[in-house]
$ cat my_file31.pdb   # PDB, C-alpha atoms and all ligand atoms
ATOM      1  CA  MET A 109      22.101  81.103 307.039
ATOM      2  CA  PRO A 110      18.863  83.226 307.405
ATOM      3  CA  ALA A 111      18.040  83.973 311.037
ATOM      4  CA  ASN A 112      14.776  82.046 310.991
ATOM      5  CA  THR A 113      16.359  78.820 309.668
ATOM      6  CA  ILE A 114      17.043  76.221 312.313
ATOM      7  CA  SER A 115      20.046  73.997 311.818
ATOM      8  CA  LEU A 116      19.002  70.365 312.028
ATOM      9  CA  SER A 117      22.501  68.967 312.003
ATOM     10  CA  TYR A 118      22.375  68.007 315.690
ATOM     11  CA  ILE A 119      19.212  65.956 315.309
ATOM     12  CA  GLU A 120      19.892  62.240 315.309
ATOM     13  CA  ILE A 121      17.893  60.414 312.712
ATOM     14  CA  PRO A 122      16.587  57.234 314.346
ATOM     15  CA  PRO A 123      17.676  54.024 312.602
ATOM     16  CA  LYS A 124      15.247  52.715 310.022
ATOM     17  CA  PRO A 125      13.146  49.825 311.345
ATOM     18  CA  PHE A 126      14.192  46.700 309.496
ATOM     19  CA  VAL A 127      11.145  45.607 307.514
ATOM     20  CA  LEU A 128      10.640  43.868 304.212
ATOM     21  CA  PRO A 129      11.403  46.553 301.586
ATOM     22  CA  ALA A 130       8.212  47.938 300.030
ATOM     23  CA  ALA A 131       9.640  47.646 296.522
ATOM     24  CA  VAL A 132       9.961  43.911 296.803
ATOM     25  CA  ARG A 133       7.164  43.110 299.252
ATOM     26  CA  SER A 134       4.607  42.785 296.501
ATOM     27  CA  LEU A 135       6.795  41.034 293.946
ATOM     28  CA  SER A 136       5.965  37.498 293.078
ATOM     29  CA  THR A 137       8.998  35.451 292.135
ATOM     30  CA  LYS A 138       7.692  34.658 288.691
ATOM     31  CA  SER A 139       7.069  38.258 287.619
ATOM     32  CA  TYR A 140      10.405  39.539 288.917
ATOM     33  CA  ASN A 141      11.992  40.540 285.655
ATOM     34  CA  ILE A 142      15.013  42.803 285.979
ATOM     35  CA  ASP A 143      18.174  43.757 284.122
ATOM     36  CA  MET A 144      20.426  43.183 287.106
ATOM     37  CA  GLN A 145      22.457  40.008 287.346
ATOM     38  CA  PHE A 146      22.701  37.919 290.498
ATOM     39  CA  ILE A 147      24.353  34.647 291.479
ATOM     40  CA  ASP A 148      23.102  32.137 294.023
ATOM     41  CA  SER A 149      26.470  31.086 295.464
ATOM     42  CA  HIS A 150      25.023  28.161 297.467
ATOM     43  CA  ALA A 151      21.974  26.084 296.531
ATOM     44  CA  HIS A 152      20.737  22.499 296.893
ATOM     45  CA  LEU A 153      18.499  22.215 293.818
ATOM     46  CA  ASN A 154      18.905  18.434 293.761
ATOM     47  CA  ASP A 155      16.954  18.300 297.015
ATOM     48  CA  PRO A 156      13.677  16.319 296.650
ATOM     49  CA  ALA A 157      11.842  19.587 297.504
ATOM     50  CA  PHE A 158      12.474  20.553 293.847
ATOM     51  CA  ASP A 159      11.464  17.264 292.211
ATOM     52  CA  ALA A 160       8.177  18.651 290.892
ATOM     53  CA  ASP A 161       9.512  21.810 289.212
ATOM     54  CA  ARG A 162      13.323  21.667 289.018
ATOM     55  CA  GLU A 163      13.413  21.942 285.208
ATOM     56  CA  GLU A 164      10.883  24.799 285.183
ATOM     57  CA  LEU A 165      12.960  26.681 287.762
ATOM     58  CA  LEU A 166      16.234  26.220 285.913
ATOM     59  CA  SER A 167      15.004  26.837 282.399
ATOM     60  CA  ARG A 168      12.572  29.689 283.062
ATOM     61  CA  THR A 169      12.171  31.063 286.613
ATOM     62  CA  LEU A 170      15.846  31.678 287.384
ATOM     63  CA  PRO A 171      16.776  33.377 284.084
ATOM     64  CA  GLN A 172      13.643  35.554 284.442
ATOM     65  CA  ALA A 173      14.698  36.574 287.962
ATOM     66  CA  GLY A 174      18.145  37.659 286.712
ATOM     67  CA  ILE A 175      20.010  34.672 288.172
ATOM     68  CA  SER A 176      23.001  34.078 285.912
ATOM     69  CA  HIS A 177      24.565  31.234 287.921
ATOM     70  CA  SER A 178      23.440  28.842 290.629
ATOM     71  CA  ILE A 179      26.113  26.927 292.513
ATOM     72  CA  GLU A 180      24.972  23.427 293.387
ATOM     73  CA  ILE A 181      26.424  21.963 296.570
ATOM     74  CA  GLY A 182      26.950  18.201 296.640
ATOM     75  CA  CYS A 183      27.954  17.602 300.240
ATOM     76  CA  SER A 184      27.682  13.840 300.685
ATOM     77  CA  PRO A 185      28.954  10.988 298.464
ATOM     78  CA  GLU A 186      25.439  10.324 297.056
ATOM     79  CA  GLU A 187      25.140  13.960 295.982
ATOM     80  CA  TRP A 188      28.427  14.290 294.043
ATOM     81  CA  GLN A 189      27.413  12.724 290.728
ATOM     82  CA  PRO A 190      23.932  14.333 290.689
ATOM     83  CA  ALA A 191      25.546  17.769 291.272
ATOM     84  CA  LEU A 192      27.924  17.236 288.340
ATOM     85  CA  GLU A 193      25.040  15.951 286.196
ATOM     86  CA  LEU A 194      22.967  19.061 286.941
ATOM     87  CA  ALA A 195      25.962  21.167 285.869
ATOM     88  CA  SER A 196      26.137  19.148 282.624
ATOM     89  CA  ARG A 197      22.441  19.698 281.892
ATOM     90  CA  TYR A 198      22.690  23.480 282.480
ATOM     91  CA  PRO A 199      26.331  24.245 281.632
ATOM     92  CA  ALA A 200      25.961  28.055 281.536
ATOM     93  CA  LEU A 201      23.849  28.282 284.693
ATOM     94  CA  VAL A 202      24.957  25.560 287.112
ATOM     95  CA  HIS A 203      28.361  24.731 288.569
ATOM     96  CA  ALA A 204      29.044  22.137 291.236
ATOM     97  CA  VAL A 205      30.856  22.246 294.571
ATOM     98  CA  LEU A 206      31.753  18.858 296.067
ATOM     99  CA  GLY A 207      32.796  17.851 299.556
ATOM    100  CA  VAL A 208      31.743  16.210 302.808
ATOM    101  CA  HIS A 209      29.469  18.178 305.151
ATOM    102  CA  PRO A 210      30.417  17.610 308.819
ATOM    103  CA  GLU A 211      27.065  15.914 309.415
ATOM    104  CA  TYR A 212      27.987  13.158 306.915
ATOM    105  CA  ALA A 213      31.575  12.759 308.096
ATOM    106  CA  CYS A 214      30.884   9.520 310.014
ATOM    107  CA  LYS A 215      29.469   7.841 306.892
ATOM    108  CA  THR A 216      32.446   8.701 304.698
ATOM    109  CA  THR A 217      34.897   5.898 303.925
ATOM    110  CA  SER A 218      38.404   5.959 302.463
ATOM    111  CA  THR A 219      36.905   4.785 299.149
ATOM    112  CA  HIS A 220      34.664   7.871 299.174
ATOM    113  CA  LEU A 221      37.695  10.069 299.765
ATOM    114  CA  GLN A 222      39.483   8.531 296.793
ATOM    115  CA  GLU A 223      36.385   9.080 294.673
ATOM    116  CA  LEU A 224      36.196  12.718 295.780
ATOM    117  CA  ALA A 225      39.887  13.285 295.023
ATOM    118  CA  ALA A 226      39.237  12.016 291.487
ATOM    119  CA  LEU A 227      36.124  14.202 291.005
ATOM    120  CA  LEU A 228      37.395  17.522 292.382
ATOM    121  CA  PRO A 229      39.548  18.451 289.353
ATOM    122  CA  ASP A 230      36.488  18.071 287.060
ATOM    123  CA  PRO A 231      35.962  21.452 285.331
ATOM    124  CA  ARG A 232      32.268  21.382 286.327
ATOM    125  CA  ASN A 233      33.383  21.492 289.983
ATOM    126  CA  VAL A 234      34.493  24.930 291.216
ATOM    127  CA  ALA A 235      35.297  24.429 294.936
ATOM    128  CA  VAL A 236      35.534  22.001 297.867
ATOM    129  CA  GLY A 237      32.442  22.240 300.081
ATOM    130  CA  GLU A 238      30.517  22.462 302.070
ATOM    131  CA  ILE A 239      33.067  21.433 304.664
ATOM    132  CA  GLY A 240      33.762  22.490 308.250
ATOM    133  CA  LEU A 241      32.559  21.922 311.782
ATOM    134  CA  ASP A 242      28.973  21.731 313.009
ATOM    135  CA  TYR A 243      28.763  21.455 316.789
ATOM    136  CA  THR A 244      24.965  21.208 316.691
ATOM    137  CA  CYS A 245      24.910  17.789 315.030
ATOM    138  CA  PHE A 246      26.894  15.478 317.319
ATOM    139  CA  GLU A 247      24.014  12.992 317.180
ATOM    140  CA  TYR A 248      25.128  12.278 313.579
ATOM    141  CA  THR A 249      28.893  12.746 313.794
ATOM    142  CA  ASP A 250      31.052  13.271 316.889
ATOM    143  CA  LYS A 251      33.519  16.143 317.173
ATOM    144  CA  GLU A 252      36.680  14.085 316.553
ATOM    145  CA  THR A 253      35.310  12.542 313.345
ATOM    146  CA  GLN A 254      34.202  15.982 312.128
ATOM    147  CA  GLN A 255      37.650  17.421 312.791
ATOM    148  CA  LYS A 256      39.393  14.501 311.090
ATOM    149  CA  THR A 257      37.178  14.768 308.000
ATOM    150  CA  PHE A 258      37.599  18.554 307.887
ATOM    151  CA  SER A 259      41.399  18.041 307.870
ATOM    152  CA  GLN A 260      41.052  15.557 305.013
ATOM    153  CA  MET A 261      38.913  18.068 303.083
ATOM    154  CA  LEU A 262      41.486  20.824 303.625
ATOM    155  CA  ALA A 263      44.220  18.491 302.382
ATOM    156  CA  LEU A 264      42.162  17.865 299.214
ATOM    157  CA  ALA A 265      41.657  21.628 298.782
ATOM    158  CA  ASN A 266      45.429  22.131 299.091
ATOM    159  CA  GLN A 267      46.098  19.354 296.621
ATOM    160  CA  THR A 268      43.588  20.547 294.003
ATOM    161  CA  GLN A 269      44.031  24.294 294.672
ATOM    162  CA  LYS A 270      40.268  24.765 294.806
ATOM    163  CA  PRO A 271      38.637  27.398 297.032
ATOM    164  CA  VAL A 272      36.700  26.194 300.091
ATOM    165  CA  VAL A 273      33.022  26.626 301.035
ATOM    166  CA  LEU A 274      32.924  26.525 304.830
ATOM    167  CA  HIS A 275      29.998  25.426 306.982
ATOM    168  CA  VAL A 276      30.422  26.389 310.649
ATOM    169  CA  ARG A 277      27.692  26.064 313.259
ATOM    170  CA  ARG A 278      28.021  26.848 316.935
ATOM    171  CA  ILE A 279      25.980  25.880 319.998
ATOM    172  CA  GLY A 280      24.308  28.998 321.390
ATOM    173  CA  GLU A 281      26.834  31.543 322.551
ATOM    174  CA  ASP A 282      29.700  29.035 322.495
ATOM    175  CA  TYR A 283      31.906  29.969 319.518
ATOM    176  CA  ALA A 284      34.227  26.927 319.822
ATOM    177  CA  ALA A 285      33.170  25.683 316.363
ATOM    178  CA  TYR A 286      34.561  28.921 314.869
ATOM    179  CA  GLU A 287      37.663  28.801 317.077
ATOM    180  CA  ASP A 288      38.433  25.238 315.950
ATOM    181  CA  THR A 289      37.693  26.068 312.292
ATOM    182  CA  PHE A 290      40.085  29.022 312.267
ATOM    183  CA  TYR A 291      42.718  26.917 314.061
ATOM    184  CA  ALA A 292      42.480  24.172 311.409
ATOM    185  CA  LEU A 293      42.572  26.699 308.564
ATOM    186  CA  LYS A 294      45.603  28.432 310.025
ATOM    187  CA  HIS A 295      47.589  25.235 310.519
ATOM    188  CA  GLU A 296      46.432  22.949 307.730
ATOM    189  CA  TRP A 297      45.203  25.077 304.848
ATOM    190  CA  LYS A 298      47.357  26.683 302.195
ATOM    191  CA  GLY A 299      44.537  28.662 300.539
ATOM    192  CA  SER A 300      43.806  28.646 296.831
ATOM    193  CA  SER A 301      46.177  30.638 294.684
ATOM    194  CA  VAL A 302      44.075  29.890 291.600
ATOM    195  CA  THR A 303      41.021  32.062 292.343
ATOM    196  CA  ALA A 304      41.008  35.641 293.641
ATOM    197  CA  HIS A 305      39.359  34.619 296.926
ATOM    198  CA  PRO A 306      40.414  31.372 298.660
ATOM    199  CA  GLY A 307      37.005  30.644 300.181
ATOM    200  CA  VAL A 308      33.718  31.682 301.730
ATOM    201  CA  LEU A 309      32.211  31.413 305.197
ATOM    202  CA  HIS A 310      28.828  30.229 303.958
ATOM    203  CA  CYS A 311      25.632  31.155 305.878
ATOM    204  CA  PHE A 312      27.472  33.818 307.851
ATOM    205  CA  CYS A 313      25.840  33.831 311.267
ATOM    206  CA  ALA A 314      28.312  35.264 313.767
ATOM    207  CA  ARG A 315      29.747  38.451 315.274
ATOM    208  CA  TYR A 316      32.191  40.931 313.772
ATOM    209  CA  GLU A 317      34.941  39.189 315.735
ATOM    210  CA  GLU A 318      34.503  36.027 313.637
ATOM    211  CA  ALA A 319      33.906  38.040 310.459
ATOM    212  CA  LYS A 320      37.191  39.874 310.969
ATOM    213  CA  ARG A 321      39.158  36.649 311.430
ATOM    214  CA  ALA A 322      37.578  35.231 308.288
ATOM    215  CA  LEU A 323      38.318  38.383 306.285
ATOM    216  CA  ASP A 324      41.925  38.380 307.509
ATOM    217  CA  MET A 325      42.280  34.942 305.892
ATOM    218  CA  GLY A 326      40.899  36.311 302.616
ATOM    219  CA  LEU A 327      37.516  34.614 303.040
ATOM    220  CA  LEU A 328      34.235  36.160 301.887
ATOM    221  CA  LEU A 329      30.993  36.132 303.910
ATOM    222  CA  GLY A 330      27.997  34.308 302.363
ATOM    223  CA  LEU A 331      24.694  35.999 303.250
ATOM    224  CA  ASN A 332      21.283  34.369 303.028
ATOM    225  CA  GLY A 333      17.812  34.657 304.592
ATOM    226  CA  CYS A 334      19.362  34.644 308.094
ATOM    227  CA  PHE A 335      20.525  38.206 307.437
ATOM    228  CA  SER A 336      16.883  39.312 307.154
ATOM    229  CA  TYR A 337      15.520  37.720 310.339
ATOM    230  CA  LYS A 338      14.437  40.258 312.930
ATOM    231  CA  LYS A 339      16.473  38.842 315.807
ATOM    232  CA  ASN A 340      19.745  38.834 313.857
ATOM    233  CA  GLU A 341      20.781  42.458 314.284
ATOM    234  CA  TYR A 342      24.274  41.308 315.382
ATOM    235  CA  ILE A 343      24.804  39.655 311.975
ATOM    236  CA  ARG A 344      23.741  42.829 310.157
ATOM    237  CA  GLU A 345      26.052  44.949 312.311
ATOM    238  CA  ALA A 346      28.981  42.623 311.614
ATOM    239  CA  VAL A 347      28.276  42.737 307.875
ATOM    240  CA  LYS A 348      28.045  46.524 307.908
ATOM    241  CA  LYS A 349      31.502  46.707 309.484
ATOM    242  CA  ALA A 350      32.874  44.156 307.014
ATOM    243  CA  GLY A 351      31.526  46.132 304.023
ATOM    244  CA  ALA A 352      29.850  45.181 300.751
ATOM    245  CA  ASP A 353      33.184  44.303 299.138
ATOM    246  CA  LYS A 354      33.473  41.229 301.346
ATOM    247  CA  ILE A 355      30.101  39.593 300.748
ATOM    248  CA  ILE A 356      28.326  37.255 298.364
ATOM    249  CA  LEU A 357      24.672  36.189 298.240
ATOM    250  CA  GLU A 358      23.238  32.693 298.643
ATOM    251  CA  THR A 359      19.942  30.993 299.428
ATOM    252  CA  ASP A 360      21.021  27.626 300.916
ATOM    253  CA  CYS A 361      17.696  26.579 299.390
ATOM    254  CA  PRO A 362      15.368  24.821 300.002
ATOM    255  CA  TYR A 363      16.120  26.085 303.541
ATOM    256  CA  LEU A 364      16.288  29.549 305.135
ATOM    257  CA  SER A 365      13.728  31.542 303.144
ATOM    258  CA  PRO A 366      14.094  35.287 303.719
ATOM    259  CA  GLN A 367      11.841  37.270 306.053
ATOM    260  CA  GLY A 368       8.404  37.626 304.487
ATOM    261  CA  LYS A 369       8.660  34.161 302.922
ATOM    262  CA  ARG A 370       9.567  32.128 306.004
ATOM    263  CA  GLY A 371       7.896  28.756 306.122
ATOM    264  CA  GLN A 372       7.870  28.560 302.317
ATOM    265  CA  ARG A 373      10.354  26.628 300.191
ATOM    266  CA  ASN A 374      13.333  28.814 299.320
ATOM    267  CA  ASP A 375      14.795  28.935 295.779
ATOM    268  CA  PRO A 376      17.457  30.956 293.902
ATOM    269  CA  ALA A 377      14.841  33.389 292.515
ATOM    270  CA  ASN A 378      14.751  34.847 296.066
ATOM    271  CA  ILE A 379      18.314  36.144 295.687
ATOM    272  CA  PRO A 380      17.187  39.658 294.548
ATOM    273  CA  LEU A 381      14.966  39.847 297.640
ATOM    274  CA  ILE A 382      17.845  38.826 299.941
ATOM    275  CA  GLY A 383      19.981  41.370 298.071
ATOM    276  CA  GLN A 384      17.373  44.058 298.699
ATOM    277  CA  PHE A 385      17.543  43.451 302.459
ATOM    278  CA  VAL A 386      21.345  43.718 302.385
ATOM    279  CA  ALA A 387      21.388  46.780 300.099
ATOM    280  CA  ASP A 388      18.815  48.594 302.275
ATOM    281  CA  TYR A 389      20.782  47.884 305.416
ATOM    282  CA  LEU A 390      24.105  48.943 303.880
ATOM    283  CA  ASN A 391      22.355  51.951 302.352
ATOM    284  CA  ILE A 392      23.525  51.275 298.799
ATOM    285  CA  PRO A 393      21.446  50.777 295.626
ATOM    286  CA  LEU A 394      20.461  47.193 294.812
ATOM    287  CA  GLU A 395      22.168  47.620 291.412
ATOM    288  CA  ALA A 396      25.493  48.313 293.156
ATOM    289  CA  LEU A 397      25.084  45.317 295.463
ATOM    290  CA  ALA A 398      24.206  43.066 292.514
ATOM    291  CA  GLU A 399      27.341  44.171 290.696
ATOM    292  CA  ILE A 400      29.668  43.780 293.697
ATOM    293  CA  THR A 401      28.338  40.393 294.818
ATOM    294  CA  THR A 402      28.318  39.031 291.263
ATOM    295  CA  ARG A 403      31.916  40.137 290.803
ATOM    296  CA  ASN A 404      32.939  38.622 294.167
ATOM    297  CA  THR A 405      31.221  35.303 293.460
ATOM    298  CA  LYS A 406      32.824  35.032 290.014
ATOM    299  CA  ALA A 407      36.222  35.805 291.553
ATOM    300  CA  LEU A 408      35.682  33.153 294.239
ATOM    301  CA  TYR A 409      34.635  30.326 291.928
ATOM    302  CA  GLY A 410      36.610  31.421 288.872
ATOM    303  CA  LEU A 411      33.471  31.929 286.759
ATOM    304  CA  SER A 412      33.370  34.009 283.586
TER
HETATM  305 ZN    ZN A 501      24.164  24.260 302.252
END

$ encode --input "my_file31.pdb" --output "structure tokens" --more "lines below"
Ligand SMILES: [Zn+2]
Amino acid sequence: MPANTISLSYIEIPPKPFVLPAAVRSLSTKSYNIDMQFIDSHAHLNDPAFDADREELLSRTLPQAGISHSIEIGCSPEEWQPALELASRYPALVHAVLGVHPEYACKTTSTHLQELAALLPDPRNVAVGEIGLDYTCFEYTDKETQQKTFSQMLALANQTQKPVVLHVRRIGEDYAAYEDTFYALKHEWKGSSVTAHPGVLHCFCARYEEAKRALDMGLLLGLNGCFSYKKNEYIREAVKKAGADKIILETDCPYLSPQGKRGQRNDPANIPLIGQFVADYLNIPLEALAEITTRNTKALYGLS
């Protein structure tokens, strides 16, 4: 090394501030035309928020944004048939996931459970979900009913050998909802041997501790707009430790729009933007993230 050259190897480069990536900041959803392929692994396109432009989104906007598949979650008895019907109308693009969300557990009867058992093997349905424990919604369904319904859902997943889409929500810093979810999975769930991944922890919003327990069970982590919110550094750190191989992308639309679009309706065309946040944070090209998450989502749901 020449004498007048100073080695910079000891200088610590400060971490990049987490801001909306410049490359995507100016993109409008409709002009986002790329060669990369993405999947929205968790959407609610049958929500009334899409009544005015659902067909436009599915037939034009999503294909233009590089969205090859959108997984429609039907998580209450009234949503099961509409989810399957959407999959019938867009057979290449939409697949359904059926189950009982913990919030609706108290409204679910034994007749509903029989109906669900009959619908789950339908080839348009690719998983059981979203199911789990939500300790923020006891005003709708108490803890015991949630736990009972979750057990019934796990029994149906065992019976049909479908992967599970898990919804877990905690109260503040109390992680009991995760603790109880992992306990139920460990004791009551056999895991799907049909698909390469037995399930996903949708809307991953926890620490590495919970991520690690999920990964040890073979679960993937579903990342959405929450990953991009400024205050959620702990989620980003957990995901960085977990690694890109363990993640898939989702919107949970119409909710949880990514940073920069908060307050607006979310839709699956925002998946490349969510992907850009994740790729920037993990320091990998968006193309690589698109490929990995598409492969993971196809392996989870058994898509071709
Ligand atoms: Zn959802």

$ resolve_selection --input "my_file31.pdb" --expression "the PyMOL selection byres (((not hetatm)) within 9 of (chain A and resi 501))" --output "list in words"
His150, Ala151, His152, Glu180, Ile181, Gly182, Cys183, His209, Gly237, Glu238, His275, His310, Cys311, Thr359, Asp360, Cys361 and Tyr363 of chain A

$ closest_residue --input "my_file31.pdb" --among "A:Lys339, A:Gly333, A:Ala213, A:Ala319" --to "Arg373 in chain A" --atoms "only C-alpha atoms"
A:Gly333

$ closest_residue --input "my_file31.pdb" --among "A:Leu224, A:Val308, A:Ser149, A:Val236" --to "Leu201 in chain A" --atoms "all atoms listed in the file"
A:Ser149

$ closest_residue --input "my_file31.pdb" --among "A:Leu323, A:Ala346, A:Pro271, A:Trp188" --to "Ser301 in chain A" --atoms "all atoms listed in the file"
A:Pro271

$ resolve_selection --input "my_file31.pdb" --expression "the PyMOL selection byres (((chain A and resi 257) around 12) and not hetatm)" --output "count of residues only"
36

$ resolve_selection --input "my_file31.pdb" --expression "the PyMOL selection byres (((chain A and resi 385-391) around 12) and not hetatm)" --output "MDAnalysis selection string"
chainID A and resid 123:133 330:338 341 343:353 355:358 366:368 378:384 392:401
